>>> print(open('start-v1.cif').read())   # mmCIF, C-alpha atoms
data_data
#
loop_
_atom_site.group_PDB
_atom_site.id
_atom_site.type_symbol
_atom_site.label_atom_id
_atom_site.label_comp_id
_atom_site.auth_asym_id
_atom_site.auth_seq_id
_atom_site.Cartn_x
_atom_site.Cartn_y
_atom_site.Cartn_z
ATOM 1 C CA MET A 300 -19.430 -26.722 19.157
ATOM 2 C CA SER A 301 -16.552 -26.205 21.592
ATOM 3 C CA TYR A 302 -15.764 -22.824 23.114
ATOM 4 C CA GLU A 303 -12.400 -22.588 21.306
ATOM 5 C CA ALA A 304 -13.843 -23.399 17.882
ATOM 6 C CA LEU A 305 -16.690 -20.935 18.386
ATOM 7 C CA ALA A 306 -14.215 -18.239 19.417
ATOM 8 C CA LEU A 307 -12.298 -18.705 16.154
ATOM 9 C CA ILE A 308 -15.459 -18.680 14.055
ATOM 10 C CA VAL A 309 -16.710 -15.507 15.732
ATOM 11 C CA ALA A 310 -13.340 -13.799 15.292
ATOM 12 C CA PHE A 311 -13.049 -14.614 11.579
ATOM 13 C CA ALA A 312 -16.702 -13.778 10.938
ATOM 14 C CA ALA A 313 -16.282 -10.422 12.715
ATOM 15 C CA TYR A 314 -13.161 -9.794 10.630
ATOM 16 C CA THR A 315 -15.208 -10.239 7.441
ATOM 17 C CA VAL A 316 -18.118 -8.071 8.589
ATOM 18 C CA VAL A 317 -15.903 -5.215 9.794
ATOM 19 C CA ASN A 318 -13.795 -5.483 6.653
ATOM 20 C CA LEU A 319 -16.823 -5.123 4.399
ATOM 21 C CA ALA A 320 -18.112 -2.105 6.319
ATOM 22 C CA ALA A 321 -14.702 -0.422 6.507
ATOM 23 C CA SER A 322 -14.088 -1.087 2.803
ATOM 24 C CA ALA A 323 -17.287 0.765 1.931
ATOM 25 C CA VAL A 324 -16.159 3.766 4.018
ATOM 26 C CA THR A 325 -12.696 3.603 2.449
ATOM 27 C CA VAL A 326 -14.060 3.652 -1.103
ATOM 28 C CA TRP A 327 -16.156 6.719 -0.234
ATOM 29 C CA ILE A 328 -13.083 8.527 1.161
ATOM 30 C CA TRP A 329 -10.958 7.520 -1.827
ATOM 31 C CA ARG A 330 -13.534 8.780 -4.334
ATOM 32 C CA SER A 331 -13.542 12.106 -2.510
ATOM 33 C CA ALA A 332 -9.747 12.217 -2.780
ATOM 34 C CA ARG A 333 -9.922 11.626 -6.542
ATOM 35 C CA ARG A 334 -12.037 14.729 -7.138
ATOM 36 C CA ASP A 335 -9.115 17.058 -6.393
ATOM 37 C CA PRO A 336 -5.777 15.273 -6.909
ATOM 38 C CA ASP A 337 -3.771 18.519 -6.776
ATOM 39 C CA ARG A 338 -5.087 19.793 -3.452
ATOM 40 C CA LEU A 339 -2.149 18.338 -1.531
ATOM 41 C CA ALA A 340 1.564 18.165 -2.219
ATOM 42 C CA PRO A 341 2.412 14.721 -3.644
ATOM 43 C CA GLY A 342 4.245 13.572 -0.516
ATOM 44 C CA ALA A 343 1.304 14.382 1.745
ATOM 45 C CA ARG A 344 -1.122 12.878 -0.774
ATOM 46 C CA ALA A 345 0.885 9.646 -0.990
ATOM 47 C CA ARG A 346 0.943 9.335 2.800
ATOM 48 C CA GLY A 347 -2.788 10.058 2.962
ATOM 49 C CA LEU A 348 -3.676 7.517 0.270
ATOM 50 C CA PHE A 349 -1.518 4.902 1.994
ATOM 51 C CA LEU A 350 -3.404 5.534 5.247
ATOM 52 C CA VAL A 351 -6.758 5.295 3.456
ATOM 53 C CA ARG A 352 -5.820 2.038 1.740
ATOM 54 C CA LEU A 353 -4.892 0.401 5.050
ATOM 55 C CA LEU A 354 -8.072 1.478 6.851
ATOM 56 C CA PRO A 355 -10.080 -1.742 6.194
ATOM 57 C CA VAL A 356 -7.283 -3.959 7.521
ATOM 58 C CA ALA A 357 -6.629 -1.671 10.492
ATOM 59 C CA ALA A 358 -10.330 -1.548 11.322
ATOM 60 C CA SER A 359 -10.717 -5.324 11.102
ATOM 61 C CA LEU A 360 -7.686 -6.091 13.266
ATOM 62 C CA MET A 361 -8.419 -3.435 15.881
ATOM 63 C CA ILE A 362 -12.093 -4.301 16.290
ATOM 64 C CA VAL A 363 -11.539 -8.063 16.348
ATOM 65 C CA ALA A 364 -8.436 -8.039 18.576
ATOM 66 C CA GLY A 365 -9.447 -5.099 20.764
ATOM 67 C CA VAL A 366 -13.212 -5.494 21.081
ATOM 68 C CA VAL A 367 -14.900 -8.646 19.757
ATOM 69 C CA SER A 368 -12.428 -11.281 20.985
ATOM 70 C CA PRO A 369 -11.984 -9.783 24.488
ATOM 71 C CA ALA A 370 -15.777 -9.467 24.839
ATOM 72 C CA PHE A 371 -16.243 -13.083 23.792
ATOM 73 C CA HIS A 372 -13.599 -14.387 26.179
ATOM 74 C CA LEU A 373 -14.924 -12.357 29.102
ATOM 75 C CA PHE A 374 -18.640 -13.008 28.761
ATOM 76 C CA GLU A 375 -19.173 -16.159 26.704
ATOM 77 C CA PRO A 376 -20.231 -19.040 28.986
ATOM 78 C CA ARG A 377 -17.910 -22.059 28.957
ATOM 79 C CA GLY A 378 -19.025 -25.635 28.644
ATOM 80 C CA GLN A 379 -22.008 -25.020 26.356
ATOM 81 C CA ASP A 380 -22.425 -26.805 23.042
ATOM 82 C CA GLU A 381 -23.700 -23.935 20.923
ATOM 83 C CA PRO A 382 -24.702 -24.612 17.288
ATOM 84 C CA VAL A 383 -23.355 -22.428 14.471
ATOM 85 C CA GLY A 384 -25.489 -21.470 11.489
ATOM 86 C CA ALA A 385 -24.335 -21.783 7.911
ATOM 87 C CA SER A 386 -24.238 -17.993 7.441
ATOM 88 C CA LEU A 387 -21.882 -17.456 10.381
ATOM 89 C CA ALA A 388 -19.677 -20.301 9.182
ATOM 90 C CA ALA A 389 -19.611 -18.781 5.679
ATOM 91 C CA LEU A 390 -18.575 -15.389 7.061
ATOM 92 C CA ALA A 391 -15.797 -17.040 9.056
ATOM 93 C CA LEU A 392 -14.615 -18.938 5.986
ATOM 94 C CA ALA A 393 -14.576 -15.698 4.008
ATOM 95 C CA GLY A 394 -12.269 -14.167 6.616
ATOM 96 C CA VAL A 395 -9.915 -17.141 6.382
ATOM 97 C CA VAL A 396 -9.925 -16.875 2.589
ATOM 98 C CA LEU A 397 -9.110 -13.137 2.674
ATOM 99 C CA ILE A 398 -6.089 -13.761 4.889
ATOM 100 C CA GLY A 399 -5.015 -16.802 2.854
ATOM 101 C CA LEU A 400 -5.204 -14.876 -0.426
ATOM 102 C CA ALA A 401 -3.119 -12.064 1.075
ATOM 103 C CA LEU A 402 -0.424 -14.544 2.112
ATOM 104 C CA GLY A 403 -0.541 -15.990 -1.391
ATOM 105 C CA ARG A 404 -0.062 -12.546 -2.946
ATOM 106 C CA ALA A 405 2.893 -11.904 -0.647
ATOM 107 C CA TRP A 406 4.489 -15.194 -1.713
ATOM 108 C CA GLN A 407 3.800 -14.460 -5.381
ATOM 109 C CA ALA A 408 5.256 -10.956 -5.123
ATOM 110 C CA SER A 409 8.392 -12.325 -3.458
ATOM 111 C CA ARG A 410 8.722 -15.056 -6.098
ATOM 112 C CA THR A 411 8.221 -12.634 -8.991
ATOM 113 C CA THR A 412 10.746 -10.195 -7.575
ATOM 114 C CA ARG A 413 13.394 -12.887 -7.040
ATOM 115 C CA ARG A 414 12.895 -14.223 -10.569
ATOM 116 C CA LEU A 415 13.166 -10.786 -12.170
ATOM 117 C CA VAL A 416 16.170 -9.766 -10.097
ATOM 118 C CA ARG A 417 17.968 -13.014 -11.038
ATOM 119 C CA ALA A 418 17.225 -12.363 -14.717
ATOM 120 C CA TRP A 419 18.340 -8.741 -14.502
ATOM 121 C CA THR A 420 21.534 -9.305 -12.507
ATOM 122 C CA GLY A 421 22.878 -12.264 -14.471
ATOM 123 C CA GLY A 422 25.514 -10.118 -16.198
ATOM 124 C CA ALA A 423 25.395 -7.140 -13.869
ATOM 125 C CA ARG A 424 28.426 -5.076 -12.979
ATOM 126 C CA PRO A 425 28.812 -2.825 -9.933
ATOM 127 C CA LEU A 426 28.229 0.892 -10.467
ATOM 128 C CA SER A 427 29.655 3.824 -8.603
ATOM 129 C CA LEU A 428 26.957 6.497 -8.680
ATOM 130 C CA THR A 429 27.393 9.742 -6.792
ATOM 131 C CA GLY A 430 24.752 10.068 -4.089
ATOM 132 C CA ALA A 431 23.359 6.530 -4.503
ATOM 133 C CA ARG A 432 24.009 5.585 -0.827
ATOM 134 C CA ILE A 433 23.127 1.940 -1.577
ATOM 135 C CA PRO A 434 24.828 -0.659 -3.807
ATOM 136 C CA ALA A 435 24.137 -0.045 -7.503
ATOM 137 C CA CYS A 436 24.444 -2.332 -10.526
ATOM 138 C CA ALA A 437 24.326 -1.846 -14.287
ATOM 139 C CA ILE A 438 22.133 -4.508 -15.890
ATOM 140 C CA ASP A 439 21.143 -5.675 -19.368
ATOM 141 C CA SER A 440 17.416 -5.290 -19.965
ATOM 142 C CA ASP A 441 15.199 -4.607 -22.972
ATOM 143 C CA PHE A 442 13.064 -2.381 -20.757
ATOM 144 C CA PRO A 443 14.870 0.744 -19.439
ATOM 145 C CA VAL A 444 14.832 -0.435 -15.854
ATOM 146 C CA VAL A 445 15.738 1.935 -13.040
ATOM 147 C CA ALA A 446 14.512 0.443 -9.783
ATOM 148 C CA ILE A 447 15.324 -0.061 -6.142
ATOM 149 C CA VAL A 448 14.771 -3.717 -5.267
ATOM 150 C CA GLY A 449 14.799 -5.347 -1.861
ATOM 151 C CA LEU A 450 13.567 -4.390 1.585
ATOM 152 C CA VAL A 451 16.341 -5.368 4.000
ATOM 153 C CA ARG A 452 19.347 -4.874 1.686
ATOM 154 C CA PRO A 453 18.085 -2.632 -1.113
ATOM 155 C CA ARG A 454 19.965 -2.298 -4.392
ATOM 156 C CA LEU A 455 19.661 0.173 -7.235
ATOM 157 C CA LEU A 456 19.460 -1.492 -10.647
ATOM 158 C CA VAL A 457 20.017 0.662 -13.745
ATOM 159 C CA ALA A 458 19.747 -0.610 -17.304
ATOM 160 C CA ARG A 459 22.811 0.071 -19.447
ATOM 161 C CA ARG A 460 20.480 1.612 -22.058
ATOM 162 C CA VAL A 461 19.566 4.298 -19.557
ATOM 163 C CA LEU A 462 23.187 5.004 -18.664
ATOM 164 C CA ASP A 463 24.071 5.338 -22.362
ATOM 165 C CA ALA A 464 21.108 7.599 -23.191
ATOM 166 C CA CYS A 465 21.269 9.996 -20.223
ATOM 167 C CA THR A 466 23.849 12.614 -19.354
ATOM 168 C CA PRO A 467 25.711 12.393 -16.030
ATOM 169 C CA ARG A 468 23.518 15.169 -14.634
ATOM 170 C CA GLU A 469 20.360 13.318 -15.695
ATOM 171 C CA VAL A 470 21.666 10.111 -14.098
ATOM 172 C CA GLY A 471 22.319 12.105 -10.933
ATOM 173 C CA ALA A 472 18.720 13.358 -11.017
ATOM 174 C CA ILE A 473 17.455 9.789 -11.415
ATOM 175 C CA VAL A 474 19.535 8.691 -8.408
ATOM 176 C CA ALA A 475 18.077 11.565 -6.353
ATOM 177 C CA HIS A 476 14.574 10.462 -7.392
ATOM 178 C CA GLU A 477 15.250 6.913 -6.225
ATOM 179 C CA ARG A 478 16.627 8.258 -2.934
ATOM 180 C CA GLY A 479 13.204 9.814 -2.438
ATOM 181 C CA HIS A 480 11.605 6.382 -2.716
ATOM 182 C CA LEU A 481 14.150 4.976 -0.293
ATOM 183 C CA ALA A 482 13.535 7.730 2.266
ATOM 184 C CA ALA A 483 9.762 7.168 2.067
ATOM 185 C CA PHE A 484 10.051 3.353 2.430
ATOM 186 C CA ASP A 485 7.996 3.014 -0.762
ATOM 187 C CA ASN A 486 9.007 -0.599 -1.419
ATOM 188 C CA LEU A 487 7.601 -1.630 1.942
ATOM 189 C CA LYS A 488 4.444 0.431 1.402
ATOM 190 C CA ARG A 489 3.925 -1.026 -2.073
ATOM 191 C CA LEU A 490 4.192 -4.559 -0.689
ATOM 192 C CA ALA A 491 1.815 -3.743 2.194
ATOM 193 C CA ILE A 492 -0.798 -2.347 -0.200
ATOM 194 C CA ARG A 493 -0.525 -5.286 -2.579
ATOM 195 C CA CYS A 494 -0.867 -7.842 0.222
ATOM 196 C CA CYS A 495 -3.726 -6.283 2.209
ATOM 197 C CA PRO A 496 -5.999 -9.079 3.525
ATOM 198 C CA ASP A 497 -9.223 -7.318 2.651
ATOM 199 C CA VAL A 498 -12.123 -7.248 0.236
ATOM 200 C CA LEU A 499 -10.729 -4.265 -1.689
ATOM 201 C CA ALA A 500 -7.757 -6.328 -2.860
ATOM 202 C CA LEU A 501 -10.204 -8.382 -4.952
ATOM 203 C CA THR A 502 -11.920 -5.407 -6.614
ATOM 204 C CA PRO A 503 -11.096 -2.905 -9.384
ATOM 205 C CA ALA A 504 -11.367 -0.139 -6.776
ATOM 206 C CA GLY A 505 -8.489 -1.665 -4.816
ATOM 207 C CA ALA A 506 -6.309 -1.812 -7.932
ATOM 208 C CA ALA A 507 -7.184 1.810 -8.777
ATOM 209 C CA MET A 508 -6.304 2.898 -5.236
ATOM 210 C CA GLU A 509 -2.890 1.244 -5.590
ATOM 211 C CA ARG A 510 -2.307 3.060 -8.897
ATOM 212 C CA ASP A 511 -3.318 6.401 -7.364
ATOM 213 C CA TRP A 512 -0.898 5.879 -4.494
ATOM 214 C CA ALA A 513 1.885 4.875 -6.910
ATOM 215 C CA LYS A 514 1.366 8.028 -8.998
ATOM 216 C CA ALA A 515 1.514 10.221 -5.901
ATOM 217 C CA ALA A 516 4.621 8.368 -4.677
ATOM 218 C CA GLU A 517 6.376 8.937 -8.022
ATOM 219 C CA GLU A 518 5.556 12.648 -7.969
ATOM 220 C CA ALA A 519 6.739 12.864 -4.357
ATOM 221 C CA ALA A 520 10.052 11.247 -5.371
ATOM 222 C CA ASP A 521 10.276 13.735 -8.281
ATOM 223 C CA ASP A 522 9.845 16.599 -5.801
ATOM 224 C CA HIS A 523 12.477 15.074 -3.519
ATOM 225 C CA ALA A 524 14.950 15.071 -6.417
ATOM 226 C CA ALA A 525 14.003 18.579 -7.559
ATOM 227 C CA ARG A 526 14.553 20.011 -4.071
ATOM 228 C CA SER A 527 18.068 18.578 -3.811
ATOM 229 C CA ALA A 528 19.577 20.920 -6.454
ATOM 230 C CA SER A 529 18.429 24.066 -8.247
ATOM 231 C CA ALA A 530 18.649 22.717 -11.828
ATOM 232 C CA ARG A 531 17.735 19.113 -11.041
ATOM 233 C CA ALA A 532 14.059 19.442 -11.996
ATOM 234 C CA ALA A 533 14.969 20.102 -15.632
ATOM 235 C CA ASP A 534 17.499 17.257 -15.624
ATOM 236 C CA LEU A 535 14.927 14.873 -14.178
ATOM 237 C CA ALA A 536 12.321 15.932 -16.747
ATOM 238 C CA GLY A 537 14.817 15.307 -19.531
ATOM 239 C CA ALA A 538 15.667 11.885 -18.104
ATOM 240 C CA LEU A 539 11.979 10.987 -17.880
ATOM 241 C CA VAL A 540 11.418 11.827 -21.553
ATOM 242 C CA LYS A 541 14.473 9.841 -22.658
ATOM 243 C CA VAL A 542 13.598 6.770 -20.576
ATOM 244 C CA ALA A 543 9.994 6.838 -21.802
ATOM 245 C CA ARG A 544 11.227 6.906 -25.393
ATOM 246 C CA LEU A 545 13.534 3.977 -24.718
ATOM 247 C CA ALA A 546 10.560 1.985 -23.420
ATOM 248 C CA SER A 547 8.712 2.318 -26.756
ATOM 249 C CA GLY A 548 5.325 1.662 -25.167
ATOM 250 C CA GLY A 549 6.408 -1.416 -23.207
ATOM 251 C CA ALA A 550 5.183 -2.111 -19.683
ATOM 252 C CA LEU A 551 7.194 -3.279 -16.715
ATOM 253 C CA MET A 552 5.943 -6.388 -14.966
ATOM 254 C CA PRO A 553 4.267 -5.391 -11.669
ATOM 255 C CA LEU A 554 6.539 -6.000 -8.694
ATOM 256 C CA PRO A 555 7.058 -4.567 -5.214
ATOM 257 C CA ALA A 556 9.866 -2.242 -6.291
ATOM 258 C CA SER A 557 10.221 1.491 -6.787
ATOM 259 C CA ALA A 558 10.774 1.967 -10.527
ATOM 260 C CA PHE A 559 11.664 5.312 -12.094
ATOM 261 C CA TYR A 560 9.382 4.538 -15.057
ATOM 262 C CA ASP A 561 6.834 1.733 -15.374
ATOM 263 C CA GLY A 562 5.561 2.135 -18.909
ATOM 264 C CA GLY A 563 2.865 4.762 -18.304
ATOM 265 C CA GLY A 564 2.592 8.363 -19.437
ATOM 266 C CA VAL A 565 5.066 10.977 -18.223
ATOM 267 C CA GLU A 566 3.409 14.190 -19.452
ATOM 268 C CA ARG A 567 1.975 15.169 -16.060
ATOM 269 C CA ARG A 568 5.255 14.477 -14.249
ATOM 270 C CA VAL A 569 7.284 16.455 -16.790
ATOM 271 C CA ARG A 570 4.876 19.398 -16.661
ATOM 272 C CA ARG A 571 5.013 19.469 -12.861
ATOM 273 C CA LEU A 572 8.807 19.421 -12.840
ATOM 274 C CA LEU A 573 9.136 22.223 -15.385
ATOM 275 C CA SER A 574 6.378 24.420 -13.945
ATOM 276 C CA GLY A 575 7.583 24.254 -10.366
ATOM 277 C CA ALA A 576 3.989 24.648 -9.114
ATOM 278 C CA THR A 577 3.457 24.101 -5.402
ATOM 279 C CA PRO A 578 -0.029 22.903 -4.374
ATOM 280 C CA ALA A 579 -1.773 24.063 -1.236
ATOM 281 C CA THR A 580 -0.924 22.117 1.901
ATOM 282 C CA ARG A 581 -4.195 22.668 3.773
ATOM 283 C CA MET A 582 -5.690 19.357 4.848
ATOM 284 C CA PRO A 583 -8.597 18.429 2.533
ATOM 285 C CA GLY A 584 -11.877 16.952 3.702
ATOM 286 C CA TRP A 585 -11.097 13.396 2.576
ATOM 287 C CA LEU A 586 -7.945 13.280 4.682
ATOM 288 C CA LEU A 587 -9.788 14.719 7.683
ATOM 289 C CA ALA A 588 -12.390 11.949 7.227
ATOM 290 C CA ALA A 589 -9.648 9.306 7.130
ATOM 291 C CA HIS A 590 -8.091 10.611 10.342
ATOM 292 C CA ALA A 591 -11.514 10.814 11.989
ATOM 293 C CA PHE A 592 -12.250 7.217 11.029
ATOM 294 C CA GLY A 593 -8.911 6.134 12.470
ATOM 295 C CA PHE A 594 -9.608 8.052 15.674
ATOM 296 C CA VAL A 595 -12.980 6.301 16.066
ATOM 297 C CA LEU A 596 -11.260 2.918 15.676
ATOM 298 C CA VAL A 597 -8.688 3.777 18.343
ATOM 299 C CA LEU A 598 -11.454 5.048 20.636
ATOM 300 C CA MET A 599 -13.423 1.813 20.243
ATOM 301 C CA ALA A 600 -10.361 -0.325 20.949
ATOM 302 C CA ALA A 601 -9.529 1.801 23.995
ATOM 303 C CA SER A 602 -13.121 1.546 25.220
ATOM 304 C CA GLY A 603 -12.843 -2.225 25.031
ATOM 305 C CA ALA A 604 -9.735 -2.110 27.208
ATOM 306 C CA ILE A 605 -11.106 0.183 29.944
ATOM 307 C CA GLU A 606 -14.885 -0.266 29.975
ATOM 308 C CA PRO A 607 -16.276 -3.755 30.708
ATOM 309 C CA ARG A 608 -19.869 -2.623 30.099
ATOM 310 C CA PHE A 609 -18.969 -1.719 26.529
ATOM 311 C CA LEU A 610 -17.576 -5.198 25.979
ATOM 312 C CA GLN A 611 -20.667 -6.716 27.558
ATOM 313 C CA ASN A 612 -22.853 -4.869 25.056
ATOM 314 C CA VAL A 613 -20.635 -6.050 22.222
ATOM 315 C CA GLN A 614 -20.985 -9.631 23.374
ATOM 316 C CA TRP A 615 -24.763 -9.208 23.493
ATOM 317 C CA VAL A 616 -24.673 -8.193 19.818
ATOM 318 C CA VAL A 617 -22.435 -11.155 18.996
ATOM 319 C CA GLU A 618 -24.844 -13.490 20.747
ATOM 320 C CA LEU A 619 -27.701 -12.114 18.647
ATOM 321 C CA PHE A 620 -25.762 -12.858 15.458
ATOM 322 C CA VAL A 621 -24.773 -16.350 16.564
ATOM 323 C CA ALA A 622 -28.319 -17.177 17.650
ATOM 324 C CA HIS A 623 -30.283 -15.717 14.737
ATOM 325 C CA LEU A 624 -28.118 -16.052 11.655
ATOM 326 C CA PRO A 625 -29.389 -19.017 9.617
#
>>> encode(input="start-v1.cif", output="structure tokens")
Amino acid sequence: MSYEALALIVAFAAYTVVNLAASAVTVWIWRSARRDPDRLAPGARARGLFLVRLLPVAASLMIVAGVVSPAFHLFEPRGQDEPVGASLAALALAGVVLIGLALGRAWQASRTTRRLVRAWTGGARPLSLTGARIPACAIDSDFPVVAIVGLVRPRLLVARRVLDACTPREVGAIVAHERGHLAAFDNLKRLAIRCCPDVLALTPAGAAMERDWAKAAEEAADDHAARSASARAADLAGALVKVARLASGGALMPLPASAFYDGGGVERRVRRLLSGATPATRMPGWLLAAHAFGFVLVLMAASGAIEPRFLQNVQWVVELFVAHLP
């Protein structure tokens, strides 16, 4: 097999191996985070869970691009026709499939969003909402949609049912909530999580991690709205109850958009808003573990850039795999 083809196979196979190992570490960290969901303020928790969810992809890219590929290119002899075992080829194919599936999910998310937005905005009319800061539209929808859609030119879509059911103060609280999503770039984060090219994206654990992040992001946006005015927490709680009643148990189709309500329960969010409880901000162990894992990855990538002996040892390990895998 040619040097170039072998380099690609080694890179994709290393991507799969690192991804599997990092996914196992990530699941362990995430399970630790689930044991005490109220240890951190929602904003800090959402940022921490987003970091944890991206660890497998970050680990795979950093180790392959910063360690394995440079070691291979520096120390692999040219001009040799080296055979590749079926196991190594299968690992490489798995890496290609993970990346291909992620691209497919990105395309599907974009397609779903465009289709829904076209359906929602067919008879839309512009809205002037105090504090919206982005274009807003009133739309006809059976589900009480309140969502920011779009990444480059975001728009706020509000179902007419919501505008009719809520008071002006409650609508203002909803707008402040959506501004929280906008400030946190939650649409971009949601899309990044959904399109991660990793093993977790194919497992129930990956779906649960996305839901945990989404819950924390919603509570963080609630807190953002509640901080903007003294009585806004009560207005937002009232709006949540009204919108949930309008939904009548329906569920919004999953899409990479920040929705005020997606069909789930609102009891926890309402209780938090009315109680005004502030969780401790001390960094918990699971978040320390996530940062430590990230630091180790950066250290390994930096070692590959400044220490040739480290890369030589890595290439020795790669050679063992290439030579002995069946």
>>> resolve_selection(input="start-v1.cif", expression="the PyMOL selection byres ((chain A and resi 400-407) around 12)", output="NGL selection string")
:A and (356 or 393-399 or 408-414 or 487 or 489-501 or 553-555)
>>> write_last_selection(input="start-v1.cif", atoms="C-alpha atoms", output="PDB file, in the frame of the given file")
ATOM      1  CA  VAL A 356      -7.283  -3.959   7.521  1.00  0.00           C
ATOM      2  CA  ALA A 393     -14.576 -15.698   4.008  1.00  0.00           C
ATOM      3  CA  GLY A 394     -12.269 -14.167   6.616  1.00  0.00           C
ATOM      4  CA  VAL A 395      -9.915 -17.141   6.382  1.00  0.00           C
ATOM      5  CA  VAL A 396      -9.925 -16.875   2.589  1.00  0.00           C
ATOM      6  CA  LEU A 397      -9.110 -13.137   2.674  1.00  0.00           C
ATOM      7  CA  ILE A 398      -6.089 -13.761   4.889  1.00  0.00           C
ATOM      8  CA  GLY A 399      -5.015 -16.802   2.854  1.00  0.00           C
ATOM      9  CA  ALA A 408       5.256 -10.956  -5.123  1.00  0.00           C
ATOM     10  CA  SER A 409       8.392 -12.325  -3.458  1.00  0.00           C
ATOM     11  CA  ARG A 410       8.722 -15.056  -6.098  1.00  0.00           C
ATOM     12  CA  THR A 411       8.221 -12.634  -8.991  1.00  0.00           C
ATOM     13  CA  THR A 412      10.746 -10.195  -7.575  1.00  0.00           C
ATOM     14  CA  ARG A 413      13.394 -12.887  -7.040  1.00  0.00           C
ATOM     15  CA  ARG A 414      12.895 -14.223 -10.569  1.00  0.00           C
ATOM     16  CA  LEU A 487       7.601  -1.630   1.942  1.00  0.00           C
ATOM     17  CA  ARG A 489       3.925  -1.026  -2.073  1.00  0.00           C
ATOM     18  CA  LEU A 490       4.192  -4.559  -0.689  1.00  0.00           C
ATOM     19  CA  ALA A 491       1.815  -3.743   2.194  1.00  0.00           C
ATOM     20  CA  ILE A 492      -0.798  -2.347  -0.200  1.00  0.00           C
ATOM     21  CA  ARG A 493      -0.525  -5.286  -2.579  1.00  0.00           C
ATOM     22  CA  CYS A 494      -0.867  -7.842   0.222  1.00  0.00           C
ATOM     23  CA  CYS A 495      -3.726  -6.283   2.209  1.00  0.00           C
ATOM     24  CA  PRO A 496      -5.999  -9.079   3.525  1.00  0.00           C
ATOM     25  CA  ASP A 497      -9.223  -7.318   2.651  1.00  0.00           C
ATOM     26  CA  VAL A 498     -12.123  -7.248   0.236  1.00  0.00           C
ATOM     27  CA  LEU A 499     -10.729  -4.265  -1.689  1.00  0.00           C
ATOM     28  CA  ALA A 500      -7.757  -6.328  -2.860  1.00  0.00           C
ATOM     29  CA  LEU A 501     -10.204  -8.382  -4.952  1.00  0.00           C
ATOM     30  CA  PRO A 553       4.267  -5.391 -11.669  1.00  0.00           C
ATOM     31  CA  LEU A 554       6.539  -6.000  -8.694  1.00  0.00           C
ATOM     32  CA  PRO A 555       7.058  -4.567  -5.214  1.00  0.00           C
TER      33      PRO A 555
END
>>> residues_around(input="start-v1.cif", residues="region 318-334 of chain A", least_positions_apart="2", cutoff="6 Å", atoms="all atoms listed in the file", output="ChimeraX atom specification")
/A:314-316,336,355,359,585
>>> residues_near_point(input="start-v1.cif", point="(20.7, 7.9, -14.4)", cutoff="12 Å", atoms="only C-alpha atoms", output="short mmCIF file (atom, residue, chain, number, x, y, z; two decimals) with C-alpha atoms, in the frame of the given file")
data_model
loop_
_atom_site.label_atom_id
_atom_site.label_comp_id
_atom_site.auth_asym_id
_atom_site.auth_seq_id
_atom_site.Cartn_x
_atom_site.Cartn_y
_atom_site.Cartn_z
CA LEU A 426 28.23 0.89 -10.47
CA SER A 427 29.66 3.82 -8.60
CA LEU A 428 26.96 6.50 -8.68
CA THR A 429 27.39 9.74 -6.79
CA GLY A 430 24.75 10.07 -4.09
CA ALA A 431 23.36 6.53 -4.50
CA ALA A 435 24.14 -0.04 -7.50
CA CYS A 436 24.44 -2.33 -10.53
CA ALA A 437 24.33 -1.85 -14.29
CA PRO A 443 14.87 0.74 -19.44
CA VAL A 444 14.83 -0.44 -15.85
CA VAL A 445 15.74 1.94 -13.04
CA ALA A 446 14.51 0.44 -9.78
CA LEU A 455 19.66 0.17 -7.24
CA LEU A 456 19.46 -1.49 -10.65
CA VAL A 457 20.02 0.66 -13.74
CA ALA A 458 19.75 -0.61 -17.30
CA ARG A 459 22.81 0.07 -19.45
CA ARG A 460 20.48 1.61 -22.06
CA VAL A 461 19.57 4.30 -19.56
CA LEU A 462 23.19 5.00 -18.66
CA ASP A 463 24.07 5.34 -22.36
CA ALA A 464 21.11 7.60 -23.19
CA CYS A 465 21.27 10.00 -20.22
CA THR A 466 23.85 12.61 -19.35
CA PRO A 467 25.71 12.39 -16.03
CA ARG A 468 23.52 15.17 -14.63
CA GLU A 469 20.36 13.32 -15.70
CA VAL A 470 21.67 10.11 -14.10
CA GLY A 471 22.32 12.10 -10.93
CA ALA A 472 18.72 13.36 -11.02
CA ILE A 473 17.45 9.79 -11.42
CA VAL A 474 19.54 8.69 -8.41
CA ALA A 475 18.08 11.56 -6.35
CA HIS A 476 14.57 10.46 -7.39
CA GLU A 477 15.25 6.91 -6.22
CA ASP A 534 17.50 17.26 -15.62
CA LEU A 535 14.93 14.87 -14.18
CA ALA A 536 12.32 15.93 -16.75
CA GLY A 537 14.82 15.31 -19.53
CA ALA A 538 15.67 11.88 -18.10
CA LEU A 539 11.98 10.99 -17.88
CA LYS A 541 14.47 9.84 -22.66
CA VAL A 542 13.60 6.77 -20.58
CA PHE A 559 11.66 5.31 -12.09
CA TYR A 560 9.38 4.54 -15.06
#
>>> resolve_selection(input="start-v1.cif", expression="the PyMOL selection byres ((chain A and resi 523) around 10)", output="PyMOL selection string")
chain A and resi 342+472+475-480+482+517-522+524-528+532
>>> write_last_selection(input="start-v1.cif", atoms="C-alpha atoms", output="compact mmCIF listing (two decimals), keeping the file's coordinate frame")
# COMPACT_ATOMS: atom_id res chain seq x y z
CA GLY A 342 4.24 13.57 -0.52
CA ALA A 472 18.72 13.36 -11.02
CA ALA A 475 18.08 11.56 -6.35
CA HIS A 476 14.57 10.46 -7.39
CA GLU A 477 15.25 6.91 -6.22
CA ARG A 478 16.63 8.26 -2.93
CA GLY A 479 13.20 9.81 -2.44
CA HIS A 480 11.60 6.38 -2.72
CA ALA A 482 13.54 7.73 2.27
CA GLU A 517 6.38 8.94 -8.02
CA GLU A 518 5.56 12.65 -7.97
CA ALA A 519 6.74 12.86 -4.36
CA ALA A 520 10.05 11.25 -5.37
CA ASP A 521 10.28 13.74 -8.28
CA ASP A 522 9.85 16.60 -5.80
CA ALA A 524 14.95 15.07 -6.42
CA ALA A 525 14.00 18.58 -7.56
CA ARG A 526 14.55 20.01 -4.07
CA SER A 527 18.07 18.58 -3.81
CA ALA A 528 19.58 20.92 -6.45
CA ALA A 532 14.06 19.44 -12.00
